[in-house]
Every structure is written in C-alpha cells, then in structure tokens.
file target.cif (mmCIF, N, CA and C atoms and all ligand atoms)
data_final
loop_
_atom_site.label_atom_id
_atom_site.label_comp_id
_atom_site.auth_asym_id
_atom_site.auth_seq_id
_atom_site.Cartn_x
_atom_site.Cartn_y
_atom_site.Cartn_z
N MET U 363 26.23 -9.84 25.02
CA MET U 363 25.49 -8.59 24.83
C MET U 363 24.19 -8.86 24.08
N LYS U 364 23.14 -8.24 24.53
CA LYS U 364 21.83 -8.40 23.92
C LYS U 364 21.79 -7.72 22.56
N ARG U 365 21.14 -8.35 21.62
CA ARG U 365 21.00 -7.73 20.30
C ARG U 365 19.52 -7.57 19.95
N CYS U 366 19.26 -6.59 19.12
CA CYS U 366 17.89 -6.35 18.70
C CYS U 366 17.51 -7.36 17.63
N SER U 367 16.40 -8.03 17.81
CA SER U 367 15.97 -9.05 16.85
C SER U 367 14.95 -8.50 15.86
N HIS U 368 14.79 -7.18 15.84
CA HIS U 368 13.75 -6.59 14.97
C HIS U 368 14.33 -5.79 13.82
N LEU U 369 15.65 -5.91 13.60
CA LEU U 369 16.27 -5.07 12.57
C LEU U 369 15.71 -5.38 11.18
N SER U 370 15.21 -6.61 10.99
CA SER U 370 14.65 -6.97 9.69
C SER U 370 13.33 -6.24 9.42
N GLU U 371 12.75 -5.64 10.47
CA GLU U 371 11.48 -4.93 10.28
C GLU U 371 11.68 -3.49 9.83
N ILE U 372 12.94 -3.07 9.79
CA ILE U 372 13.22 -1.70 9.38
C ILE U 372 13.00 -1.56 7.88
N LYS U 373 12.23 -0.54 7.50
CA LYS U 373 11.97 -0.31 6.09
C LYS U 373 12.56 1.04 5.68
N ARG U 374 12.61 1.24 4.37
CA ARG U 374 13.09 2.54 3.88
C ARG U 374 11.95 3.52 3.96
N VAL U 375 11.73 4.05 5.14
CA VAL U 375 10.56 4.90 5.35
C VAL U 375 10.88 6.36 5.03
N VAL U 376 9.83 7.05 4.61
CA VAL U 376 9.90 8.49 4.41
C VAL U 376 8.98 9.11 5.46
N PRO U 377 9.46 10.10 6.21
CA PRO U 377 8.59 10.71 7.23
C PRO U 377 7.29 11.22 6.63
N HIS U 378 6.16 10.88 7.25
CA HIS U 378 4.85 11.30 6.75
C HIS U 378 4.63 12.79 6.89
N THR U 379 5.17 13.36 7.97
CA THR U 379 4.89 14.74 8.30
C THR U 379 6.19 15.43 8.71
N THR U 380 6.17 16.75 8.75
CA THR U 380 7.37 17.49 9.16
C THR U 380 7.39 17.71 10.66
N GLY U 381 6.30 17.39 11.34
CA GLY U 381 6.24 17.51 12.80
C GLY U 381 5.49 16.33 13.35
N CYS U 382 5.28 16.33 14.65
CA CYS U 382 4.50 15.25 15.25
C CYS U 382 3.07 15.30 14.71
N LYS U 383 2.66 14.18 14.10
CA LYS U 383 1.36 14.12 13.44
C LYS U 383 0.21 14.46 14.39
N GLU U 384 0.20 13.83 15.55
CA GLU U 384 -0.91 14.04 16.49
C GLU U 384 -0.87 15.44 17.09
N CYS U 385 0.34 15.94 17.40
CA CYS U 385 0.43 17.29 17.99
C CYS U 385 -0.02 18.34 16.99
N MET U 386 0.33 18.16 15.71
CA MET U 386 -0.08 19.12 14.70
C MET U 386 -1.61 19.16 14.60
N LYS U 387 -2.21 17.99 14.77
CA LYS U 387 -3.67 17.88 14.67
C LYS U 387 -4.36 18.66 15.79
N ILE U 388 -3.79 18.58 16.99
CA ILE U 388 -4.44 19.25 18.13
C ILE U 388 -3.82 20.61 18.43
N GLY U 389 -2.83 21.03 17.61
CA GLY U 389 -2.23 22.33 17.79
C GLY U 389 -1.30 22.42 18.98
N ASP U 390 -0.71 21.29 19.36
CA ASP U 390 0.19 21.27 20.50
C ASP U 390 1.65 21.36 20.04
N THR U 391 2.55 21.47 20.98
CA THR U 391 3.98 21.59 20.66
C THR U 391 4.73 20.36 21.18
N TRP U 392 5.96 20.20 20.69
CA TRP U 392 6.79 19.06 21.09
C TRP U 392 8.22 19.52 21.29
N VAL U 393 9.03 18.62 21.86
CA VAL U 393 10.44 18.94 22.11
C VAL U 393 11.31 18.38 20.99
N HIS U 394 11.29 17.05 20.81
CA HIS U 394 12.06 16.41 19.76
C HIS U 394 11.17 15.44 18.98
N LEU U 395 11.64 15.08 17.76
CA LEU U 395 10.84 14.20 16.91
C LEU U 395 11.49 12.84 16.74
N ARG U 396 10.64 11.82 16.69
CA ARG U 396 11.08 10.44 16.49
C ARG U 396 10.33 9.85 15.29
N LEU U 397 11.07 9.09 14.48
CA LEU U 397 10.50 8.51 13.26
C LEU U 397 10.33 7.00 13.44
N CYS U 398 9.13 6.49 13.18
CA CYS U 398 8.89 5.05 13.22
C CYS U 398 9.54 4.43 11.98
N MET U 399 10.41 3.44 12.19
CA MET U 399 11.17 2.86 11.09
C MET U 399 10.38 1.79 10.35
N GLU U 400 9.17 1.57 10.77
CA GLU U 400 8.34 0.59 10.07
C GLU U 400 7.31 1.23 9.16
N CYS U 401 6.76 2.38 9.55
CA CYS U 401 5.68 2.96 8.76
C CYS U 401 5.87 4.44 8.44
N GLY U 402 6.89 5.10 9.00
CA GLY U 402 7.12 6.50 8.68
C GLY U 402 6.35 7.48 9.54
N HIS U 403 5.69 6.98 10.57
CA HIS U 403 4.97 7.87 11.49
C HIS U 403 5.97 8.76 12.24
N VAL U 404 5.66 10.04 12.34
CA VAL U 404 6.50 10.96 13.11
C VAL U 404 5.77 11.30 14.40
N GLY U 405 6.45 11.10 15.52
CA GLY U 405 5.85 11.38 16.82
C GLY U 405 6.83 12.11 17.72
N CYS U 406 6.30 12.66 18.80
CA CYS U 406 7.17 13.43 19.70
C CYS U 406 7.78 12.53 20.77
N CYS U 407 8.92 12.98 21.30
CA CYS U 407 9.74 12.18 22.22
C CYS U 407 9.16 12.16 23.63
N ASP U 408 9.81 11.41 24.50
CA ASP U 408 9.33 11.29 25.88
C ASP U 408 9.58 12.53 26.72
N SER U 409 10.35 13.48 26.22
CA SER U 409 10.50 14.75 26.92
C SER U 409 9.36 15.70 26.57
N SER U 410 8.61 15.36 25.52
CA SER U 410 7.44 16.15 25.14
C SER U 410 6.28 15.70 26.01
N LYS U 411 5.33 16.59 26.25
CA LYS U 411 4.29 16.20 27.22
C LYS U 411 3.35 15.14 26.67
N ASN U 412 3.21 15.05 25.34
CA ASN U 412 2.26 14.08 24.78
C ASN U 412 2.85 12.71 24.45
N ARG U 413 4.16 12.63 24.30
CA ARG U 413 4.86 11.34 24.08
C ARG U 413 4.22 10.48 22.99
N HIS U 414 3.98 11.09 21.84
CA HIS U 414 3.25 10.36 20.80
C HIS U 414 4.06 9.24 20.16
N ALA U 415 5.40 9.33 20.16
CA ALA U 415 6.20 8.24 19.58
C ALA U 415 6.00 6.96 20.40
N THR U 416 6.05 7.08 21.71
CA THR U 416 5.84 5.92 22.58
C THR U 416 4.40 5.42 22.47
N LYS U 417 3.46 6.36 22.39
CA LYS U 417 2.05 5.95 22.22
C LYS U 417 1.87 5.21 20.90
N HIS U 418 2.60 5.65 19.86
CA HIS U 418 2.51 4.96 18.56
C HIS U 418 2.99 3.52 18.69
N PHE U 419 4.05 3.30 19.45
CA PHE U 419 4.52 1.93 19.66
C PHE U 419 3.45 1.10 20.36
N HIS U 420 2.86 1.64 21.41
CA HIS U 420 1.86 0.86 22.15
C HIS U 420 0.64 0.58 21.29
N ALA U 421 0.32 1.50 20.40
CA ALA U 421 -0.86 1.31 19.56
C ALA U 421 -0.60 0.35 18.41
N THR U 422 0.61 0.35 17.86
CA THR U 422 0.87 -0.39 16.64
C THR U 422 1.82 -1.57 16.83
N LYS U 423 2.60 -1.56 17.94
CA LYS U 423 3.65 -2.56 18.19
C LYS U 423 4.78 -2.46 17.15
N HIS U 424 4.91 -1.32 16.49
CA HIS U 424 6.08 -1.09 15.63
C HIS U 424 7.28 -0.86 16.55
N PRO U 425 8.29 -1.73 16.53
CA PRO U 425 9.27 -1.74 17.61
C PRO U 425 10.36 -0.66 17.55
N ILE U 426 10.68 -0.18 16.34
CA ILE U 426 11.90 0.63 16.23
C ILE U 426 11.61 2.05 15.77
N MET U 427 12.17 3.00 16.48
CA MET U 427 12.13 4.39 16.05
C MET U 427 13.55 4.93 16.03
N ARG U 428 13.71 6.05 15.34
CA ARG U 428 14.99 6.74 15.40
C ARG U 428 14.73 8.22 15.59
N SER U 429 15.75 8.91 16.05
CA SER U 429 15.66 10.36 16.16
C SER U 429 15.79 10.96 14.77
N ILE U 430 14.97 11.96 14.45
CA ILE U 430 15.19 12.69 13.18
C ILE U 430 15.59 14.13 13.47
N GLU U 431 16.15 14.33 14.66
CA GLU U 431 16.75 15.63 14.94
C GLU U 431 18.04 15.74 14.14
N PRO U 432 18.33 16.95 13.61
CA PRO U 432 19.55 17.13 12.79
C PRO U 432 20.80 16.66 13.53
N GLY U 433 21.59 15.81 12.86
CA GLY U 433 22.85 15.35 13.43
C GLY U 433 22.72 14.16 14.37
N GLU U 434 21.52 13.73 14.65
CA GLU U 434 21.35 12.59 15.55
C GLU U 434 21.09 11.32 14.75
N THR U 435 21.81 10.25 15.09
CA THR U 435 21.70 9.00 14.32
C THR U 435 21.25 7.84 15.19
N TRP U 436 20.91 8.11 16.43
CA TRP U 436 20.55 7.00 17.30
C TRP U 436 19.07 6.61 17.12
N GLY U 437 18.82 5.36 17.43
CA GLY U 437 17.45 4.85 17.41
C GLY U 437 17.20 4.04 18.66
N TRP U 438 16.02 3.46 18.74
CA TRP U 438 15.63 2.74 19.96
C TRP U 438 14.67 1.64 19.60
N CYS U 439 14.93 0.44 20.15
CA CYS U 439 13.97 -0.64 20.03
C CYS U 439 13.17 -0.69 21.32
N TYR U 440 11.87 -0.47 21.23
CA TYR U 440 11.02 -0.44 22.42
C TYR U 440 10.91 -1.82 23.05
N ILE U 441 10.97 -2.86 22.24
CA ILE U 441 10.78 -4.21 22.77
C ILE U 441 12.03 -4.69 23.49
N ASP U 442 13.19 -4.55 22.84
CA ASP U 442 14.44 -4.99 23.46
C ASP U 442 15.02 -3.95 24.41
N GLN U 443 14.48 -2.73 24.39
CA GLN U 443 15.01 -1.63 25.22
C GLN U 443 16.49 -1.42 24.92
N LEU U 444 16.79 -1.37 23.61
CA LEU U 444 18.18 -1.26 23.19
C LEU U 444 18.35 -0.03 22.31
N GLN U 445 19.48 0.64 22.50
CA GLN U 445 19.80 1.77 21.62
C GLN U 445 20.45 1.25 20.34
N LEU U 446 20.09 1.86 19.21
CA LEU U 446 20.60 1.43 17.91
C LEU U 446 21.28 2.62 17.24
N ASN U 447 22.07 2.32 16.22
CA ASN U 447 22.76 3.40 15.52
C ASN U 447 22.45 3.34 14.03
N PHE U 448 21.96 4.42 13.47
CA PHE U 448 21.59 4.46 12.05
C PHE U 448 22.54 5.31 11.24
N GLU U 449 23.79 5.33 11.63
CA GLU U 449 24.79 6.13 10.93
C GLU U 449 24.98 5.60 9.52
ZN ZN U 501 14.40 -5.19 18.87
ZN ZN U 502 3.11 14.62 19.70
ZN ZN U 503 4.84 2.88 12.90
#

call {"tool": "encode", "arguments": {"input": "target.cif", "output": "structure tokens"}}
result
Amino acid sequence: MKRCSHLSEIKRVVPHTTGCKECMKIGDTWVHLRLCMECGHVGCCDSSKNRHATKHFHATKHPIMRSIEPGETWGWCYIDQLQLNFE
C-alpha cells in the first residue's frame, strides 16, 4: 500500500480565515472549506466553482490539506493522491 511521504511537513496550523480567503476577497461563495496543513491557508473545495484549495497547492506546492467541515477528519495529499485521517 502506498504511503504519504509528506506527513513530516504537517505543522500545527491555525486557520488564517473563517472562510475561503480568496472568495471572501472577491465576494464569492463556496461549498466546503479545506485547510492547508503547512501554512494555515483556508480555501474552497473542488465542488466550489473557484477551487481555491487546489489552486493553493498548485501555487505553493504545499502537499497536504484537510477538511475543516464540522465532524470531518479526512485530509488529502495532492502529490501522492492519498486520503489521510486526522482523527
Ligand atoms: Zn504525500
Ligand atoms: Zn475560494
Ligand atoms: Zn499552504
């Protein structure tokens, strides 16, 4: 089974914003929120039309995000394409 080799890059991040940073700036809406585990950037998910979490990965190469929706503990490594658990 494939394992994520980026777990050491996870930091004790605090979300920078209460919503998607870029969407709030342009006054747009989002569906779900994702937290970058390297820098604390909050971006919107791939079901949102702007997909800022994925854009953040492409811009910064920060590999790991997690869901910050209430009750959700899953995360995702963009590089390994692997689901992670932050329970
Ligand atoms: Zn990884
Ligand atoms: Zn967004
Ligand atoms: Zn980041």

call {"tool": "residues_near_ligand", "arguments": {"input": "target.cif", "ligand": "ligand ZN 503 (chain U)", "cutoff": "10 Å", "atoms": "only C-alpha atoms and all ligand atoms", "output": "compact mmCIF listing (two decimals) with N, CA and C atoms, in the frame of the given file"}}
result
# COMPACT_ATOMS: atom_id res chain seq x y z
N VAL U 375 11.73 4.05 5.14
CA VAL U 375 10.56 4.90 5.35
C VAL U 375 10.88 6.36 5.03
N LEU U 397 11.07 9.09 14.48
CA LEU U 397 10.50 8.51 13.26
C LEU U 397 10.33 7.00 13.44
N CYS U 398 9.13 6.49 13.18
CA CYS U 398 8.89 5.05 13.22
C CYS U 398 9.54 4.43 11.98
N MET U 399 10.41 3.44 12.19
CA MET U 399 11.17 2.86 11.09
C MET U 399 10.38 1.79 10.35
N GLU U 400 9.17 1.57 10.77
CA GLU U 400 8.34 0.59 10.07
C GLU U 400 7.31 1.23 9.16
N CYS U 401 6.76 2.38 9.55
CA CYS U 401 5.68 2.96 8.76
C CYS U 401 5.87 4.44 8.44
N GLY U 402 6.89 5.10 9.00
CA GLY U 402 7.12 6.50 8.68
C GLY U 402 6.35 7.48 9.54
N HIS U 403 5.69 6.98 10.57
CA HIS U 403 4.97 7.87 11.49
C HIS U 403 5.97 8.76 12.24
N VAL U 404 5.66 10.04 12.34
CA VAL U 404 6.50 10.96 13.11
C VAL U 404 5.77 11.30 14.40
N GLY U 405 6.45 11.10 15.52
CA GLY U 405 5.85 11.38 16.82
C GLY U 405 6.83 12.11 17.72
N ALA U 415 5.40 9.33 20.16
CA ALA U 415 6.20 8.24 19.58
C ALA U 415 6.00 6.96 20.40
N HIS U 418 2.60 5.65 19.86
CA HIS U 418 2.51 4.96 18.56
C HIS U 418 2.99 3.52 18.69
N PHE U 419 4.05 3.30 19.45
CA PHE U 419 4.52 1.93 19.66
C PHE U 419 3.45 1.10 20.36
N HIS U 420 2.86 1.64 21.41
CA HIS U 420 1.86 0.86 22.15
C HIS U 420 0.64 0.58 21.29
N ALA U 421 0.32 1.50 20.40
CA ALA U 421 -0.86 1.31 19.56
C ALA U 421 -0.60 0.35 18.41
N THR U 422 0.61 0.35 17.86
CA THR U 422 0.87 -0.39 16.64
C THR U 422 1.82 -1.57 16.83
N LYS U 423 2.60 -1.56 17.94
CA LYS U 423 3.65 -2.56 18.19
C LYS U 423 4.78 -2.46 17.15
N HIS U 424 4.91 -1.32 16.49
CA HIS U 424 6.08 -1.09 15.63
C HIS U 424 7.28 -0.86 16.55
N PRO U 425 8.29 -1.73 16.53
CA PRO U 425 9.27 -1.74 17.61
C PRO U 425 10.36 -0.66 17.55
N ILE U 426 10.68 -0.18 16.34
CA ILE U 426 11.90 0.63 16.23
C ILE U 426 11.61 2.05 15.77
N MET U 427 12.17 3.00 16.48
CA MET U 427 12.13 4.39 16.05
C MET U 427 13.55 4.93 16.03

call {"tool": "residues_near_ligand", "arguments": {"input": "target.cif", "ligand": "ligand ZN 501 (chain U)", "cutoff": "8 Å", "atoms": "all atoms listed in the file", "output": "PyMOL selection string"}}
result
chain U and resi 365-369+425-426+438-444

call {"tool": "write_last_selection", "arguments": {"input": "target.cif", "atoms": "N, CA and C atoms", "output": "short mmCIF file (atom, residue, chain, number, x, y, z; two decimals), in the coordinates of the input"}}
result
data_model
loop_
_atom_site.label_atom_id
_atom_site.label_comp_id
_atom_site.auth_asym_id
_atom_site.auth_seq_id
_atom_site.Cartn_x
_atom_site.Cartn_y
_atom_site.Cartn_z
N ARG U 365 21.14 -8.35 21.62
CA ARG U 365 21.00 -7.73 20.30
C ARG U 365 19.52 -7.57 19.95
N CYS U 366 19.26 -6.59 19.12
CA CYS U 366 17.89 -6.35 18.70
C CYS U 366 17.51 -7.36 17.63
N SER U 367 16.40 -8.03 17.81
CA SER U 367 15.97 -9.05 16.85
C SER U 367 14.95 -8.50 15.86
N HIS U 368 14.79 -7.18 15.84
CA HIS U 368 13.75 -6.59 14.97
C HIS U 368 14.33 -5.79 13.82
N LEU U 369 15.65 -5.91 13.60
CA LEU U 369 16.27 -5.07 12.57
C LEU U 369 15.71 -5.38 11.18
N PRO U 425 8.29 -1.73 16.53
CA PRO U 425 9.27 -1.74 17.61
C PRO U 425 10.36 -0.66 17.55
N ILE U 426 10.68 -0.18 16.34
CA ILE U 426 11.90 0.63 16.23
C ILE U 426 11.61 2.05 15.77
N TRP U 438 16.02 3.46 18.74
CA TRP U 438 15.63 2.74 19.96
C TRP U 438 14.67 1.64 19.60
N CYS U 439 14.93 0.44 20.15
CA CYS U 439 13.97 -0.64 20.03
C CYS U 439 13.17 -0.69 21.32
N TYR U 440 11.87 -0.47 21.23
CA TYR U 440 11.02 -0.44 22.42
C TYR U 440 10.91 -1.82 23.05
N ILE U 441 10.97 -2.86 22.24
CA ILE U 441 10.78 -4.21 22.77
C ILE U 441 12.03 -4.69 23.49
N ASP U 442 13.19 -4.55 22.84
CA ASP U 442 14.44 -4.99 23.46
C ASP U 442 15.02 -3.95 24.41
N GLN U 443 14.48 -2.73 24.39
CA GLN U 443 15.01 -1.63 25.22
C GLN U 443 16.49 -1.42 24.92
N LEU U 444 16.79 -1.37 23.61
CA LEU U 444 18.18 -1.26 23.19
C LEU U 444 18.35 -0.03 22.31
#

call {"tool": "closest_atom_pairs", "arguments": {"input": "target.cif", "of": "chain U", "to": "ligand ZN 502 (chain U)", "cutoff": "5 Å", "atoms": "all atoms listed in the file", "output": "CSV"}}
result
residue,atom,partner,partner_atom,distance
U:Cys382,CA,U:ZN502,ZN,4.7
U:Glu384,C,U:ZN502,ZN,4.8
U:Cys385,N,U:ZN502,ZN,3.8
U:Gly405,C,U:ZN502,ZN,4.9
U:Cys406,N,U:ZN502,ZN,3.9
U:His414,N,U:ZN502,ZN,4.2

call {"tool": "atom_distance", "arguments": {"input": "target.cif", "atom1": "atom C of Phe448 in chain U", "atom2": "CA of His394 in chain U"}}
result
17.5 Å

call {"tool": "select_by_dssp", "arguments": {"input": "target.cif", "residues": "chain U", "states": "strand (DSSP E or B)", "output": "list in words"}}
result
Leu395, Arg396, Leu397, Cys398, Val404, Gly405, Cys406, Ile426, Met427, Arg428, Ser429, Trp436, Gly437, Trp438, Cys439, Leu444, Gln445, Leu446 and Asn447 of chain U

call {"tool": "atom_distance", "arguments": {"input": "target.cif", "atom1": "CA of Val376 in chain U", "atom2": "CA of Arg396 in chain U"}}
result
12.3 Å

call {"tool": "atom_distance", "arguments": {"input": "target.cif", "atom1": "CA of Glu371 in chain U", "atom2": "atom C of Pro432 in chain U"}}
result
23.7 Å

call {"tool": "select_by_dssp", "arguments": {"input": "target.cif", "residues": "chain U", "states": "alpha helix (DSSP H)", "output": "list of chain:residue names"}}
result
U:Lys383, U:Glu384, U:Cys385, U:Met386, U:Lys387, U:Ile388, U:His414, U:Ala415, U:Thr416, U:Lys417, U:His418, U:Phe419, U:His420, U:Ala421, U:Thr422

call {"tool": "closest_residue", "arguments": {"input": "target.cif", "among": "U:Arg413, U:Gly381, U:Lys364, U:Leu395", "to": "Gly437 in chain U", "atoms": "only C-alpha atoms"}}
result
U:Leu395

call {"tool": "axis_aligned_box", "arguments": {"input": "target.cif", "around": "range 429-444 of chain U", "padding_each_side": "4 Å", "output": "lines of an AutoDock Vina configuration file"}}
result
center_x = 16.8
center_y = 6.1
center_z = 19.0
size_x = 20.1
size_y = 30.1
size_z = 20.4

call {"tool": "residues_near_point", "arguments": {"input": "target.cif", "point": "(10.3, 18.8, 21.7)", "cutoff": "9 Å", "atoms": "only C-alpha atoms", "output": "tab-separated table (two decimals) with N, CA and C atoms, in the coordinates of the input"}}
result
chain	number	residue	atom	x	y	z
U	391	THR	N	2.55	21.47	20.98
U	391	THR	CA	3.98	21.59	20.66
U	391	THR	C	4.73	20.36	21.18
U	392	TRP	N	5.96	20.20	20.69
U	392	TRP	CA	6.79	19.06	21.09
U	392	TRP	C	8.22	19.52	21.29
U	393	VAL	N	9.03	18.62	21.86
U	393	VAL	CA	10.44	18.94	22.11
U	393	VAL	C	11.31	18.38	20.99
U	394	HIS	N	11.29	17.05	20.81
U	394	HIS	CA	12.06	16.41	19.76
U	394	HIS	C	11.17	15.44	18.98
U	395	LEU	N	11.64	15.08	17.76
U	395	LEU	CA	10.84	14.20	16.91
U	395	LEU	C	11.49	12.84	16.74
U	406	CYS	N	6.30	12.66	18.80
U	406	CYS	CA	7.17	13.43	19.70
U	406	CYS	C	7.78	12.53	20.77
U	407	CYS	N	8.92	12.98	21.30
U	407	CYS	CA	9.74	12.18	22.22
U	407	CYS	C	9.16	12.16	23.63
U	408	ASP	N	9.81	11.41	24.50
U	408	ASP	CA	9.33	11.29	25.88
U	408	ASP	C	9.58	12.53	26.72
U	409	SER	N	10.35	13.48	26.22
U	409	SER	CA	10.50	14.75	26.92
U	409	SER	C	9.36	15.70	26.57
U	410	SER	N	8.61	15.36	25.52
U	410	SER	CA	7.44	16.15	25.14
U	410	SER	C	6.28	15.70	26.01
U	411	LYS	N	5.33	16.59	26.25
U	411	LYS	CA	4.29	16.20	27.22
U	411	LYS	C	3.35	15.14	26.67

call {"tool": "build_atoms", "arguments": {"input": "target.cif", "residues": "range 407-416 of chain U", "atoms": "all heavy atoms", "output": "compact mmCIF listing (two decimals), keeping the file's coordinate frame"}}
result
# COMPACT_ATOMS: atom_id res chain seq x y z
N CYS U 407 8.92 12.98 21.30
CA CYS U 407 9.74 12.18 22.22
C CYS U 407 9.16 12.16 23.63
O CYS U 407 8.16 12.82 23.93
CB CYS U 407 11.14 12.76 22.27
SG CYS U 407 11.18 14.36 23.12
N ASP U 408 9.81 11.41 24.50
CA ASP U 408 9.33 11.29 25.88
C ASP U 408 9.58 12.53 26.72
O ASP U 408 9.09 12.62 27.84
CB ASP U 408 9.98 10.06 26.54
CG ASP U 408 9.32 8.77 26.07
OD1 ASP U 408 8.32 8.84 25.33
OD2 ASP U 408 9.81 7.69 26.42
N SER U 409 10.35 13.48 26.22
CA SER U 409 10.50 14.75 26.92
C SER U 409 9.36 15.70 26.57
O SER U 409 9.19 16.74 27.20
CB SER U 409 11.83 15.42 26.56
OG SER U 409 12.89 14.54 26.76
N SER U 410 8.61 15.36 25.52
CA SER U 410 7.44 16.15 25.14
C SER U 410 6.28 15.70 26.01
O SER U 410 6.22 14.54 26.42
CB SER U 410 7.10 15.93 23.67
OG SER U 410 8.26 16.06 22.87
N LYS U 411 5.33 16.59 26.25
CA LYS U 411 4.29 16.20 27.22
C LYS U 411 3.35 15.14 26.67
O LYS U 411 2.76 14.38 27.43
CB LYS U 411 3.53 17.43 27.70
CG LYS U 411 2.67 18.08 26.64
CD LYS U 411 1.84 19.22 27.25
CE LYS U 411 1.06 19.91 26.15
NZ LYS U 411 0.58 21.21 26.47
N ASN U 412 3.21 15.05 25.34
CA ASN U 412 2.26 14.08 24.78
C ASN U 412 2.85 12.71 24.45
O ASN U 412 2.12 11.75 24.29
CB ASN U 412 1.61 14.68 23.53
CG ASN U 412 0.73 15.86 23.86
OD1 ASN U 412 -0.11 15.79 24.74
ND2 ASN U 412 0.95 16.98 23.17
N ARG U 413 4.16 12.63 24.30
CA ARG U 413 4.86 11.34 24.08
C ARG U 413 4.22 10.48 22.99
O ARG U 413 3.97 9.29 23.19
CB ARG U 413 4.91 10.54 25.39
CG ARG U 413 5.61 11.31 26.48
CD ARG U 413 5.65 10.52 27.77
NE ARG U 413 6.38 11.28 28.78
CZ ARG U 413 6.70 10.80 29.97
NH1 ARG U 413 6.38 9.58 30.28
NH2 ARG U 413 7.35 11.54 30.82
N HIS U 414 3.98 11.09 21.84
CA HIS U 414 3.25 10.36 20.80
C HIS U 414 4.06 9.24 20.16
O HIS U 414 3.48 8.29 19.65
CB HIS U 414 2.77 11.35 19.72
CG HIS U 414 1.57 12.13 20.16
ND1 HIS U 414 1.53 13.51 20.16
CD2 HIS U 414 0.37 11.73 20.64
CE1 HIS U 414 0.34 13.91 20.61
NE2 HIS U 414 -0.37 12.85 20.91
N ALA U 415 5.40 9.33 20.16
CA ALA U 415 6.20 8.24 19.58
C ALA U 415 6.00 6.96 20.40
O ALA U 415 5.81 5.88 19.85
CB ALA U 415 7.67 8.64 19.52
N THR U 416 6.05 7.08 21.71
CA THR U 416 5.84 5.92 22.58
C THR U 416 4.40 5.42 22.47
O THR U 416 4.15 4.21 22.42
CB THR U 416 6.19 6.28 24.03
OG1 THR U 416 7.56 6.66 24.08
CG2 THR U 416 5.97 5.09 24.96
